[in-house]
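Have a look at start_23.csv; it's CSV, C-alpha atoms:
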chain,number,residue,atom,x,y,z
D,1,MET,CA,8.5,-31.6,-12.6
D,2,ARG,CA,8.2,-29.8,-9.2
D,3,LEU,CA,8.2,-26.0,-9.4
D,4,SER,CA,10.0,-23.8,-6.9
D,5,PRO,CA,7.8,-21.7,-4.7
D,6,GLN,CA,8.9,-18.5,-6.5
D,7,LYS,CA,8.0,-20.0,-10.0
D,8,ALA,CA,4.7,-21.3,-8.7
D,9,VAL,CA,3.8,-17.9,-7.4
D,10,LYS,CA,4.8,-16.3,-10.7
D,11,ARG,CA,2.7,-18.8,-12.6
D,12,SER,CA,-0.3,-18.1,-10.4
D,13,LEU,CA,0.1,-14.4,-10.9
D,14,LEU,CA,0.2,-14.9,-14.7
D,15,GLY,CA,-2.9,-17.0,-14.6
D,16,ALA,CA,-4.7,-14.3,-12.5
D,17,SER,CA,-3.6,-11.6,-15.0
D,18,LEU,CA,-4.9,-13.7,-17.9
D,19,ALA,CA,-8.2,-14.1,-16.2
D,20,LEU,CA,-8.5,-10.4,-15.6
D,21,SER,CA,-7.7,-9.7,-19.2
D,22,ALA,CA,-10.4,-12.1,-20.3
D,23,LEU,CA,-12.9,-10.4,-18.0
D,24,ALA,CA,-12.0,-7.0,-19.5
D,25,LEU,CA,-12.4,-8.2,-23.0
D,26,THR,CA,-15.7,-10.1,-22.5
D,27,GLY,CA,-18.3,-9.1,-25.0
D,28,CYS,CA,-16.1,-6.5,-26.8
D,29,GLU,CA,-17.5,-7.6,-30.1
D,30,ASN,CA,-20.9,-6.1,-29.4
D,31,GLY,CA,-19.8,-3.2,-27.3
D,32,SER,CA,-20.8,-4.9,-24.1
D,33,VAL,CA,-18.0,-4.9,-21.4
D,34,TYR,CA,-18.3,-6.1,-17.8
D,35,GLY,CA,-21.8,-7.4,-18.6
D,36,TYR,CA,-23.5,-4.2,-19.7
D,37,GLU,CA,-23.5,-2.1,-22.9
D,38,LYS,CA,-22.5,1.6,-22.6
D,39,ASP,CA,-25.0,4.4,-23.3
D,40,LEU,CA,-28.2,2.4,-23.9
D,41,SER,CA,-29.9,4.9,-21.6
D,42,SER,CA,-29.0,8.0,-19.8
D,43,VAL,CA,-28.6,5.9,-16.7
D,44,ASN,CA,-26.0,3.7,-18.4
D,45,GLU,CA,-24.0,6.8,-19.2
D,46,VAL,CA,-23.6,7.3,-15.4
D,47,SER,CA,-23.7,3.8,-14.0
D,48,TRP,CA,-21.5,2.0,-16.5
D,49,HIS,CA,-18.3,3.6,-15.3
D,50,LEU,CA,-19.2,2.8,-11.6
D,51,TRP,CA,-19.9,-0.8,-12.6
D,52,ARG,CA,-16.6,-1.0,-14.5
D,53,GLY,CA,-14.7,0.5,-11.6
D,54,ALA,CA,-16.3,-1.9,-9.1
D,55,TRP,CA,-15.3,-4.9,-11.2
D,56,LEU,CA,-11.7,-3.7,-11.6
D,57,ALA,CA,-11.5,-3.0,-7.8
D,58,ALA,CA,-12.9,-6.5,-7.1
D,59,ALA,CA,-10.4,-8.0,-9.5
D,60,VAL,CA,-7.4,-6.2,-7.9
D,61,VAL,CA,-8.6,-7.2,-4.4
D,62,GLY,CA,-9.2,-10.8,-5.5
D,63,ILE,CA,-5.7,-11.1,-7.1
D,64,PHE,CA,-4.0,-9.6,-4.1
D,65,THR,CA,-5.9,-11.9,-1.7
D,66,ALA,CA,-5.0,-14.9,-3.9
D,67,VAL,CA,-1.3,-14.0,-3.7
D,68,LEU,CA,-1.5,-13.6,0.1
D,69,ILE,CA,-3.0,-17.1,0.3
D,70,LEU,CA,-0.7,-18.8,-2.2
D,71,TRP,CA,2.5,-17.2,-0.9
D,72,PRO,CA,2.5,-18.8,2.5
D,73,VAL,CA,1.1,-22.1,1.1
D,74,LEU,CA,4.0,-22.4,-1.4
D,75,ARG,CA,6.8,-20.6,0.4
D,76,HIS,CA,6.3,-21.8,3.9
D,77,ARG,CA,5.0,-25.3,3.5
D,78,ARG,CA,6.5,-27.9,5.8
D,79,LYS,CA,9.7,-29.5,4.7
D,80,GLU,CA,11.3,-32.8,5.8
D,81,GLY,CA,12.9,-32.3,9.2
D,82,ASP,CA,10.8,-29.3,10.2
D,83,PRO,CA,9.0,-29.4,13.6
D,84,GLN,CA,5.4,-30.6,13.4
D,85,TYR,CA,4.1,-27.2,14.5
D,86,PRO,CA,5.6,-23.9,13.3
D,87,LYS,CA,6.3,-21.1,15.6
D,88,GLN,CA,3.0,-19.7,17.0
D,89,THR,CA,2.3,-16.0,16.9
D,90,GLN,CA,-0.5,-14.6,19.0
D,91,TYR,CA,-1.1,-11.4,17.0
D,92,ASN,CA,0.6,-8.9,14.7
D,93,VAL,CA,-0.6,-5.3,15.4
D,94,PRO,CA,0.5,-3.7,12.1
D,95,VAL,CA,-1.1,-6.5,10.1
D,96,GLU,CA,-4.3,-6.3,12.0
D,97,VAL,CA,-4.5,-2.5,11.7
D,98,ALA,CA,-3.8,-2.8,7.9
D,99,TYR,CA,-6.5,-5.4,7.3
D,100,THR,CA,-9.0,-3.2,9.2
D,101,ILE,CA,-8.1,0.2,7.5
D,102,ILE,CA,-7.7,-1.1,3.9
D,103,PRO,CA,-11.2,-2.6,3.7
D,104,PHE,CA,-12.6,0.6,5.3
D,105,ILE,CA,-10.9,2.7,2.6
D,106,ILE,CA,-12.2,0.5,-0.2
D,107,VAL,CA,-15.8,0.6,1.1
D,108,ALA,CA,-15.6,4.4,1.7
D,109,VAL,CA,-14.4,5.0,-1.9
D,110,LEU,CA,-17.1,2.8,-3.4
D,111,PHE,CA,-19.7,4.5,-1.2
D,112,TYR,CA,-18.6,7.9,-2.3
D,113,PHE,CA,-18.8,7.1,-6.0
D,114,THR,CA,-22.1,5.2,-5.6
D,115,ALA,CA,-23.7,8.1,-3.7
D,116,ARG,CA,-22.5,10.6,-6.3
D,117,ASP,CA,-23.8,8.6,-9.2
D,118,GLU,CA,-27.1,7.8,-7.5
D,119,ALA,CA,-27.8,11.5,-6.9
D,120,THR,CA,-27.2,12.1,-10.6
D,121,ILE,CA,-29.5,9.2,-11.7
D,122,ILE,CA,-32.5,10.2,-9.4
D,123,ALA,CA,-32.1,13.9,-10.1
D,124,LYS,CA,-35.4,15.4,-11.5
D,125,GLU,CA,-35.2,17.7,-14.5
D,126,PRO,CA,-38.9,18.7,-15.2
D,127,SER,CA,-37.8,21.1,-18.0
D,128,LYS,CA,-36.4,18.2,-20.0
D,129,VAL,CA,-39.3,15.7,-19.4
D,130,MET,CA,-41.2,15.1,-22.7
D,131,HIS,CA,-43.5,12.2,-21.7
D,132,THR,CA,-44.9,10.7,-18.5
D,133,ILE,CA,-45.7,7.0,-18.0
D,134,ASP,CA,-47.4,5.4,-15.0
D,135,VAL,CA,-45.9,2.0,-14.1
D,136,THR,CA,-48.0,-0.1,-11.8
D,137,GLY,CA,-46.9,-3.5,-10.5
D,138,ILE,CA,-49.7,-6.0,-9.9
D,139,GLN,CA,-49.7,-9.7,-8.9
D,140,TRP,CA,-48.5,-10.9,-11.3
D,141,SER,CA,-47.9,-8.5,-14.2
D,142,TRP,CA,-47.6,-4.9,-15.2
D,143,GLN,CA,-49.7,-1.9,-16.3
D,144,PHE,CA,-48.3,1.0,-18.3
D,145,GLY,CA,-50.3,4.2,-18.6
D,146,HIS,CA,-49.1,6.7,-21.2
D,147,GLN,CA,-50.3,10.1,-19.9
D,148,ASP,CA,-49.8,11.6,-23.4
D,149,GLY,CA,-52.8,9.7,-24.5
D,150,GLY,CA,-55.0,10.3,-21.5
D,151,PRO,CA,-56.6,7.8,-19.2
D,152,SER,CA,-57.5,5.4,-22.0
D,153,ALA,CA,-53.9,4.9,-23.2
D,154,VAL,CA,-53.2,2.0,-20.9
D,155,VAL,CA,-51.5,-1.3,-21.5
D,156,THR,CA,-52.2,-4.1,-19.0
D,157,GLY,CA,-50.4,-7.4,-19.1
D,158,THR,CA,-51.0,-10.8,-17.7
D,159,PRO,CA,-48.6,-13.7,-16.8
D,160,ALA,CA,-49.8,-15.4,-20.0
D,161,GLN,CA,-49.4,-12.2,-22.1
D,162,PRO,CA,-46.6,-10.0,-20.8
D,163,PRO,CA,-47.0,-6.3,-21.8
D,164,THR,CA,-44.7,-4.2,-23.9
D,165,LEU,CA,-43.4,-0.8,-22.6
D,166,VAL,CA,-42.9,1.4,-25.7
D,167,LEU,CA,-40.4,4.3,-25.3
D,168,PRO,CA,-39.4,7.1,-27.6
D,169,GLN,CA,-35.7,7.2,-28.6
D,170,GLY,CA,-33.8,10.2,-27.3
D,171,GLU,CA,-36.6,11.8,-25.3
D,172,ARG,CA,-36.6,12.0,-21.6
D,173,VAL,CA,-39.5,10.1,-19.9
D,174,LYS,CA,-40.7,10.5,-16.3
D,175,PHE,CA,-42.0,7.3,-14.7
D,176,ASN,CA,-44.4,7.3,-11.8
D,177,ILE,CA,-44.0,4.0,-10.0
D,178,TYR,CA,-46.9,2.4,-8.1
D,179,SER,CA,-48.0,-0.9,-6.6
D,180,ASN,CA,-51.5,-2.2,-6.3
D,181,ASP,CA,-50.7,-4.9,-3.7
D,182,VAL,CA,-47.2,-5.9,-2.5
D,183,VAL,CA,-43.7,-4.7,-3.1
D,184,HIS,CA,-42.5,-5.2,-6.7
D,185,GLY,CA,-39.2,-4.2,-8.4
D,186,PHE,CA,-39.4,-2.4,-11.8
D,187,TRP,CA,-36.1,-3.6,-13.4
D,188,ILE,CA,-34.7,-3.1,-16.9
D,189,PRO,CA,-31.3,-4.8,-16.7
D,190,ALA,CA,-29.9,-3.5,-20.0
D,191,PHE,CA,-30.7,0.1,-18.9
D,192,MET,CA,-29.1,-0.5,-15.4
D,193,ILE,CA,-32.4,0.7,-13.9
D,194,GLN,CA,-34.2,-0.7,-10.9
D,195,ILE,CA,-36.7,1.0,-8.6
D,196,GLN,CA,-39.2,-0.4,-6.2
D,197,ASN,CA,-43.0,-0.3,-6.6
D,198,LEU,CA,-44.2,0.3,-3.0
D,199,PRO,CA,-47.8,0.0,-1.9
D,200,GLY,CA,-49.2,3.4,-0.8
D,201,VAL,CA,-46.0,5.2,-2.0
D,202,THR,CA,-45.3,6.8,-5.4
D,203,ASN,CA,-41.7,6.6,-6.6
D,204,HIS,CA,-40.3,8.5,-9.5
D,205,ILE,CA,-37.5,8.1,-12.0
D,206,GLU,CA,-36.6,9.9,-15.2
D,207,PHE,CA,-34.4,8.6,-18.0
D,208,THR,CA,-33.8,8.7,-21.7
D,209,ALA,CA,-33.6,5.5,-23.9
D,210,ASN,CA,-30.8,6.1,-26.4
D,211,LYS,CA,-30.8,3.1,-28.7
D,212,LEU,CA,-33.6,1.5,-30.8
D,213,GLY,CA,-34.3,-2.1,-30.0
D,214,GLU,CA,-36.1,-4.5,-27.7
D,215,TYR,CA,-34.9,-5.2,-24.1
D,216,PRO,CA,-36.3,-7.6,-21.4
D,217,GLY,CA,-37.7,-6.3,-18.2
D,218,ARG,CA,-38.9,-8.1,-15.0
D,219,CYS,CA,-39.7,-7.8,-11.4
D,220,ASN,CA,-36.6,-8.5,-9.2
D,221,ILE,CA,-38.3,-8.6,-5.8
D,222,LEU,CA,-39.9,-11.9,-4.6
D,223,CYS,CA,-43.6,-10.8,-4.7
D,224,GLY,CA,-45.5,-14.0,-4.5
D,225,ARG,CA,-46.4,-17.3,-6.1
D,226,ASN,CA,-46.0,-16.2,-9.7
D,227,HIS,CA,-43.2,-13.8,-9.3
D,228,SER,CA,-41.2,-15.4,-12.1
D,229,GLN,CA,-43.9,-14.6,-14.6
D,230,MET,CA,-43.8,-10.8,-13.9
D,231,VAL,CA,-41.9,-10.0,-17.1
D,232,PHE,CA,-42.4,-7.4,-19.7
D,233,LYS,CA,-40.6,-6.1,-22.9
D,234,VAL,CA,-39.2,-2.7,-23.5
D,235,LYS,CA,-39.4,-1.5,-27.1
D,236,VAL,CA,-37.5,1.7,-28.0
D,237,VAL,CA,-38.9,3.3,-31.2
D,238,THR,CA,-38.5,6.6,-33.0
D,239,PRO,CA,-40.4,9.6,-31.6
D,240,ALA,CA,-42.8,9.6,-34.6
D,241,GLU,CA,-43.5,5.9,-34.1
D,242,TYR,CA,-44.1,6.5,-30.4
D,243,ASP,CA,-46.6,9.2,-31.1
D,244,THR,CA,-48.4,6.9,-33.5
D,245,TYR,CA,-48.4,4.2,-30.9
D,246,VAL,CA,-50.0,6.4,-28.3
D,247,GLU,CA,-52.7,7.5,-30.8
D,248,THR,CA,-53.4,3.9,-31.5
D,249,LEU,CA,-53.9,3.2,-27.8
D,250,LYS,CA,-56.4,6.0,-27.6
D,251,ALA,CA,-58.2,4.9,-30.7
D,252,GLY,CA,-58.4,1.3,-29.5
D,253,ALA,CA,-59.6,2.1,-26.0

Target format C-alpha coordinates, applied to this file:
Amino acid sequence: MRLSPQKAVKRSLLGASLALSALALTGCENGSVYGYEKDLSSVNEVSWHLWRGAWLAAAVVGIFTAVLILWPVLRHRRKEGDPQYPKQTQYNVPVEVAYTIIPFIIVAVLFYFTARDEATIIAKEPSKVMHTIDVTGIQWSWQFGHQDGGPSAVVTGTPAQPPTLVLPQGERVKFNIYSNDVVHGFWIPAFMIQIQNLPGVTNHIEFTANKLGEYPGRCNILCGRNHSQMVFKVKVVTPAEYDTYVETLKAGA
(Lines of atoms letter the chains of each structure in order from A and count residues from 1; the text may use other names and numbers.)
(Lines give C-alpha, C1' and ligand atoms only; values in the text may rest on other atoms or scores of the structure.)
Protein backbone atom coordinates (compact mmCIF):
# COMPACT_ATOMS: atom_id res chain seq x y z
CA MET A 1 0.00 0.00 0.00
CA ARG A 2 1.34 3.38 -1.02
CA LEU A 3 1.52 5.95 1.79
CA SER A 4 0.56 9.57 1.36
CA PRO A 5 3.45 12.05 1.69
CA GLN A 6 2.11 13.27 5.04
CA LYS A 7 1.91 9.75 6.49
CA ALA A 8 5.34 8.91 5.14
CA VAL A 9 6.86 11.96 6.87
CA LYS A 10 5.07 11.10 10.13
CA ARG A 11 6.37 7.54 9.95
CA SER A 12 9.90 8.81 9.32
CA LEU A 13 9.64 11.15 12.32
CA LEU A 14 8.42 8.28 14.48
CA GLY A 15 11.35 6.14 13.42
CA ALA A 16 13.79 8.96 14.19
CA SER A 17 12.22 9.46 17.62
CA LEU A 18 12.54 5.75 18.39
CA ALA A 19 16.19 5.83 17.32
CA LEU A 20 16.84 8.79 19.60
CA SER A 21 15.15 7.01 22.49
CA ALA A 22 17.29 3.92 21.90
CA LEU A 23 20.40 6.11 21.95
CA ALA A 24 19.34 7.70 25.23
CA LEU A 25 18.72 4.32 26.86
CA THR A 26 21.87 2.60 25.59
CA GLY A 27 23.77 1.01 28.45
CA CYS A 28 21.40 2.16 31.20
CA GLU A 29 21.70 -1.18 32.96
CA ASN A 30 25.29 -0.51 34.04
CA GLY A 31 24.93 3.22 34.45
CA SER A 32 26.66 3.97 31.16
CA VAL A 33 24.78 6.42 28.99
CA TYR A 34 25.97 7.93 25.69
CA GLY A 35 29.03 5.66 25.80
CA TYR A 36 30.52 6.79 29.12
CA GLU A 37 29.76 6.14 32.76
CA LYS A 38 29.19 9.09 35.06
CA ASP A 39 31.56 10.06 37.87
CA LEU A 40 34.28 7.44 37.35
CA SER A 41 36.72 10.31 37.79
CA SER A 42 36.62 13.99 38.63
CA VAL A 43 36.90 14.64 34.89
CA ASN A 44 33.80 12.57 34.14
CA GLU A 45 31.88 14.72 36.62
CA VAL A 46 32.54 17.69 34.32
CA SER A 47 32.80 16.17 30.84
CA TRP A 48 29.89 13.75 30.97
CA HIS A 49 27.26 16.49 30.83
CA LEU A 50 29.06 18.13 27.89
CA TRP A 51 29.24 14.77 26.13
CA ARG A 52 25.55 14.13 26.70
CA GLY A 53 24.59 17.63 25.52
CA ALA A 54 26.67 17.26 22.36
CA TRP A 55 24.95 13.96 21.50
CA LEU A 56 21.50 15.41 22.11
CA ALA A 57 22.33 18.45 19.97
CA ALA A 58 23.63 16.17 17.23
CA ALA A 59 20.47 14.07 17.41
CA VAL A 60 18.20 17.12 17.15
CA VAL A 61 20.17 18.52 14.20
CA GLY A 62 20.21 15.10 12.53
CA ILE A 63 16.44 14.62 12.85
CA PHE A 64 15.76 18.16 11.63
CA THR A 65 18.06 17.63 8.64
CA ALA A 66 16.41 14.29 7.84
CA VAL A 67 13.00 15.97 7.86
CA LEU A 68 14.25 18.70 5.51
CA ILE A 69 15.49 16.00 3.14
CA LEU A 70 12.46 13.74 3.32
CA TRP A 71 9.81 16.45 3.07
CA PRO A 72 10.66 17.67 -0.47
CA VAL A 73 11.43 14.10 -1.58
CA LEU A 74 7.98 12.87 -0.53
CA ARG A 75 5.88 16.01 -0.83
CA HIS A 76 7.20 17.42 -4.07
CA ARG A 77 8.11 14.36 -6.11
CA ARG A 78 7.17 14.45 -9.72
CA LYS A 79 3.68 13.31 -10.63
CA GLU A 80 2.28 12.16 -13.95
CA GLY A 81 1.67 15.15 -16.17
CA ASP A 82 4.15 17.43 -14.40
CA PRO A 83 6.79 19.18 -16.55
CA GLN A 84 10.11 17.41 -16.78
CA TYR A 85 11.89 20.15 -14.88
CA PRO A 86 10.37 22.05 -11.93
CA LYS A 87 10.51 25.79 -11.60
CA GLN A 88 14.11 26.87 -11.09
CA THR A 89 14.98 29.30 -8.29
CA GLN A 90 18.34 31.05 -8.34
CA TYR A 91 18.56 31.79 -4.61
CA ASN A 92 16.52 32.40 -1.48
CA VAL A 93 18.09 35.06 0.74
CA PRO A 94 16.19 34.25 3.97
CA VAL A 95 16.99 30.53 3.68
CA GLU A 96 20.66 31.19 2.93
CA VAL A 97 20.93 33.58 5.88
CA ALA A 98 19.24 31.00 8.13
CA TYR A 99 21.53 28.13 7.21
CA THR A 100 24.53 30.39 7.79
CA ILE A 101 23.45 31.80 11.16
CA ILE A 102 22.01 28.62 12.69
CA PRO A 103 25.22 26.54 12.34
CA PHE A 104 27.21 29.49 13.69
CA ILE A 105 24.98 29.63 16.77
CA ILE A 106 25.31 25.85 17.30
CA VAL A 107 29.12 25.99 17.04
CA ALA A 108 29.29 29.05 19.32
CA VAL A 109 27.21 27.36 22.02
CA LEU A 110 29.27 24.15 21.86
CA PHE A 111 32.48 26.19 21.93
CA TYR A 112 31.37 28.10 25.02
CA PHE A 113 30.51 25.00 27.04
CA THR A 114 33.64 23.18 25.84
CA ALA A 115 35.92 26.07 26.82
CA ARG A 116 34.19 26.40 30.19
CA ASP A 117 34.53 22.70 31.03
CA GLU A 118 38.10 22.52 29.70
CA ALA A 119 39.11 25.35 32.04
CA THR A 120 37.63 23.39 34.95
CA ILE A 121 39.36 20.14 33.95
CA ILE A 122 42.85 21.61 33.54
CA ALA A 123 42.61 23.86 36.62
CA LYS A 124 45.44 23.23 39.09
CA GLU A 125 44.62 22.82 42.78
CA PRO A 126 47.97 22.22 44.53
CA SER A 127 46.39 22.25 47.97
CA LYS A 128 44.28 19.19 47.07
CA VAL A 129 47.01 17.12 45.36
CA MET A 130 47.99 14.12 47.47
CA HIS A 131 50.21 12.20 45.04
CA THR A 132 52.37 12.95 41.98
CA ILE A 133 53.02 10.49 39.16
CA ASP A 134 55.35 10.99 36.18
CA VAL A 135 53.95 9.56 32.94
CA THR A 136 56.50 9.08 30.15
CA GLY A 137 55.58 7.90 26.68
CA ILE A 138 58.27 5.85 24.92
CA GLN A 139 58.30 3.99 21.64
CA TRP A 140 56.37 1.79 22.27
CA SER A 141 55.17 1.61 25.85
CA TRP A 142 54.83 3.63 29.05
CA GLN A 143 56.77 4.42 32.20
CA PHE A 144 55.05 5.46 35.43
CA GLY A 145 57.09 7.01 38.23
CA HIS A 146 55.43 7.34 41.64
CA GLN A 147 57.12 10.26 43.36
CA ASP A 148 55.74 9.10 46.72
CA GLY A 149 58.24 6.26 46.59
CA GLY A 150 61.20 8.24 45.33
CA PRO A 151 63.23 7.67 42.15
CA SER A 152 63.14 3.89 42.52
CA ALA A 153 59.32 3.57 42.47
CA VAL A 154 59.10 3.27 38.70
CA VAL A 155 57.13 0.88 36.49
CA THR A 156 58.33 0.50 32.90
CA GLY A 157 56.32 -1.47 30.37
CA THR A 158 57.10 -3.04 27.02
CA PRO A 159 54.86 -3.89 24.06
CA ALA A 160 54.94 -7.51 25.23
CA GLN A 161 54.26 -6.63 28.89
CA PRO A 162 52.08 -3.52 29.15
CA PRO A 163 52.44 -1.70 32.49
CA THR A 164 49.77 -1.05 35.11
CA LEU A 165 49.08 2.44 36.43
CA VAL A 166 47.89 2.04 40.02
CA LEU A 167 45.83 4.93 41.44
CA PRO A 168 44.32 5.56 44.88
CA GLN A 169 40.56 5.89 45.06
CA GLY A 170 39.24 9.30 46.09
CA GLU A 171 42.64 11.06 46.27
CA ARG A 172 43.69 13.76 43.81
CA VAL A 173 46.76 12.88 41.74
CA LYS A 174 48.95 15.24 39.74
CA PHE A 175 50.40 13.80 36.54
CA ASN A 176 53.54 15.16 34.89
CA ILE A 177 53.37 14.18 31.22
CA TYR A 178 56.61 13.59 29.28
CA SER A 179 57.81 12.02 26.04
CA ASN A 180 61.22 10.51 25.36
CA ASP A 181 60.97 10.56 21.59
CA VAL A 182 57.88 11.52 19.56
CA VAL A 183 54.38 12.81 20.29
CA HIS A 184 52.22 10.34 22.20
CA GLY A 185 48.72 10.60 23.67
CA PHE A 186 48.05 9.60 27.29
CA TRP A 187 44.43 8.44 27.07
CA ILE A 188 42.15 6.77 29.60
CA PRO A 189 38.83 6.48 27.73
CA ALA A 190 36.65 5.53 30.71
CA PHE A 191 37.92 8.59 32.63
CA MET A 192 37.32 10.90 29.62
CA ILE A 193 40.96 12.00 29.87
CA GLN A 194 43.44 12.64 27.07
CA ILE A 195 46.57 14.76 27.11
CA GLN A 196 49.56 14.79 24.78
CA ASN A 197 53.07 13.69 25.66
CA LEU A 198 55.25 16.22 23.82
CA PRO A 199 59.03 15.92 23.37
CA GLY A 200 60.81 18.66 25.29
CA VAL A 201 57.58 19.88 26.92
CA THR A 202 56.09 18.95 30.30
CA ASN A 203 52.30 18.84 30.39
CA HIS A 204 50.26 18.51 33.56
CA ILE A 205 46.84 17.25 34.53
CA GLU A 206 45.22 16.57 37.89
CA PHE A 207 42.26 14.31 38.61
CA THR A 208 40.73 11.95 41.13
CA ALA A 209 39.73 8.36 40.38
CA ASN A 210 36.40 7.76 42.11
CA LYS A 211 35.59 4.09 41.57
CA LEU A 212 37.54 0.91 42.29
CA GLY A 213 38.24 -1.26 39.28
CA GLU A 214 40.42 -1.76 36.22
CA TYR A 215 40.24 0.35 33.06
CA PRO A 216 42.12 0.24 29.74
CA GLY A 217 44.48 2.99 28.65
CA ARG A 218 46.31 3.56 25.40
CA CYS A 219 48.13 5.98 23.15
CA ASN A 220 45.71 7.69 20.79
CA ILE A 221 48.20 9.49 18.56
CA LEU A 222 49.90 7.63 15.70
CA CYS A 223 53.46 7.50 17.02
CA GLY A 224 55.21 4.90 14.93
CA ARG A 225 55.35 1.30 13.77
CA ASN A 226 54.12 -0.31 17.02
CA HIS A 227 51.66 2.39 18.02
CA SER A 228 48.87 -0.17 18.45
CA GLN A 229 50.88 -1.90 21.18
CA MET A 230 51.15 1.22 23.36
CA VAL A 231 48.54 0.08 25.84
CA PHE A 232 48.42 0.03 29.62
CA LYS A 233 45.99 -0.80 32.41
CA VAL A 234 44.68 1.54 35.08
CA LYS A 235 43.93 -0.10 38.42
CA VAL A 236 42.12 1.93 41.07
CA VAL A 237 42.69 0.62 44.59
CA THR A 238 41.99 1.82 48.12
CA PRO A 239 44.42 4.43 49.57
CA ALA A 240 45.85 1.81 51.95
CA GLU A 241 46.47 -0.59 49.07
CA TYR A 242 48.09 2.20 47.08
CA ASP A 243 50.50 3.01 49.91
CA THR A 244 51.41 -0.67 50.17
CA TYR A 245 51.94 -0.84 46.40
CA VAL A 246 54.33 2.13 46.42
CA GLU A 247 56.29 0.61 49.32
CA THR A 248 56.50 -2.64 47.35
CA LEU A 249 57.96 -0.76 44.38
CA LYS A 250 60.58 0.81 46.65
CA ALA A 251 61.48 -2.51 48.22
CA GLY A 252 61.73 -4.27 44.86
CA ALA A 253 63.89 -1.65 43.19

Residue with smallest distance to D:Met130 - pool D:Val154, D:Ala59, D:Leu167, D:Ile105, counting all atoms listed in the file: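 Nearest candidate to D:Met130 out of D:Val154, D:Ala59, D:Leu167, D:Ile105: D:Leu167.
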
Contacts of D:Glu247 at 9 Å (only C-alpha atoms; same-chain gap of 5+ positions) as a PyMOL selection string: chain D and resi 148-149+153+242+252

Atom CA of D:Ala54 to atom CA of D:Asn220, distance in Å rounded to a single decimal: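 Computing the Euclidean distance for atom CA of D:Ala54 and atom CA of D:Asn220 yields 21.3 Å.
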
Atom CA of D:Ala119 to atom CA of D:Leu40, straight-line distance in Å: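 The value is 19.3 Å.
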
Top pick for closest residue to D:Asp117, considering D:Met230, D:Ile205, D:Val46, D:Ala66 and counting only C-alpha atoms: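 Counting only C-alpha atoms, the residue closest to D:Asp117 is D:Val46.
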
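Checking D:Gly170, D:Gly217, D:Pro126, D:Pro86 one by one against D:Trp142, counting all atoms listed in the file, you find the shortest gap at D:Gly217.
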
So which residues touch D:Asp181 within 8 Å, counting only C-alpha atoms, skipping near sequence neighbours fewer than 4 positions away, as an mmCIF file with C-alpha atoms, in the coordinates of the input?
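File produced: selection16.cif:
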data_model
loop_
_atom_site.group_PDB
_atom_site.id
_atom_site.type_symbol
_atom_site.label_atom_id
_atom_site.label_comp_id
_atom_site.auth_asym_id
_atom_site.auth_seq_id
_atom_site.Cartn_x
_atom_site.Cartn_y
_atom_site.Cartn_z
ATOM 1 C CA GLY D 137 -46.900 -3.500 -10.500
ATOM 2 C CA ILE D 138 -49.700 -6.000 -9.900
ATOM 3 C CA GLN D 139 -49.700 -9.700 -8.900
ATOM 4 C CA PRO D 199 -47.800 0.000 -1.900
#

Using all atoms listed in the file: which of D:Glu45, D:Glu37, D:Glu96, D:Glu206 has the shortest distance to D:Val129: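 Closest candidate: D:Glu206.
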
Exercise: residues within 7 Å of coordinate (-48.1, 4.9, -4.6), counting all atoms listed in the file, as a list in words: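 Those within range, by chain then number, are Ile177, Tyr178, Ser179, Leu198, Pro199, Gly200, Val201, Thr202 and Asn203 of chain D.
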
Go ahead and save the residues from that selection, with C-alpha atoms, as a CSV table (one decimal), in the frame of the given file.
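See out-v8.csv below for the written result:
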chain,number,residue,atom,x,y,z
D,177,ILE,CA,-44.0,4.0,-10.0
D,178,TYR,CA,-46.9,2.4,-8.1
D,179,SER,CA,-48.0,-0.9,-6.6
D,198,LEU,CA,-44.2,0.3,-3.0
D,199,PRO,CA,-47.8,0.0,-1.9
D,200,GLY,CA,-49.2,3.4,-0.8
D,201,VAL,CA,-46.0,5.2,-2.0
D,202,THR,CA,-45.3,6.8,-5.4
D,203,ASN,CA,-41.7,6.6,-6.6

For D:Gln196, please output as a PDB file with C-alpha atoms, in the coordinates of the input all residues within 6 Å (counting only C-alpha atoms; exclusion window: fewer than 5 positions along the same chain).
ATOM      1  CA  HIS D 184     -42.500  -5.200  -6.700  1.00  0.00           C
ATOM      2  CA  GLY D 185     -39.200  -4.200  -8.400  1.00  0.00           C
ATOM      3  CA  PHE D 186     -39.400  -2.400 -11.800  1.00  0.00           C
TER       4      PHE D 186
END

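Atom CA of D:Ser47 is positioned 28.3 Å from atom CA of D:Thr100.
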
Near-D:Asp39 list (9 Å; only C-alpha atoms; drop same-chain fewer than 3 positions) as an MDAnalysis selection string: chainID D and resid 42:46 48 191 209:211

Atoms kept (C-alpha atoms) for selection, written as an mmCIF file, in the coordinates of the input:
data_model
loop_
_atom_site.group_PDB
_atom_site.id
_atom_site.type_symbol
_atom_site.label_atom_id
_atom_site.label_comp_id
_atom_site.auth_asym_id
_atom_site.auth_seq_id
_atom_site.Cartn_x
_atom_site.Cartn_y
_atom_site.Cartn_z
ATOM 1 C CA SER D 42 -29.000 8.000 -19.800
ATOM 2 C CA VAL D 43 -28.600 5.900 -16.700
ATOM 3 C CA ASN D 44 -26.000 3.700 -18.400
ATOM 4 C CA GLU D 45 -24.000 6.800 -19.200
ATOM 5 C CA VAL D 46 -23.600 7.300 -15.400
ATOM 6 C CA TRP D 48 -21.500 2.000 -16.500
ATOM 7 C CA PHE D 191 -30.700 0.100 -18.900
ATOM 8 C CA ALA D 209 -33.600 5.500 -23.900
ATOM 9 C CA ASN D 210 -30.800 6.100 -26.400
ATOM 10 C CA LYS D 211 -30.800 3.100 -28.700
#

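Minimum atom-to-atom distances from D:Gly157, D:Pro168, D:Pro216, D:Pro239 to D:Ile188 were compared using all atoms listed in the file, and the lowest value belongs to D:Pro216.
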
Residue with smallest distance to D:Thr136 - pool D:Met192, D:Cys219, D:Val173, D:Ala160, counting all atoms listed in the file: D:Cys219
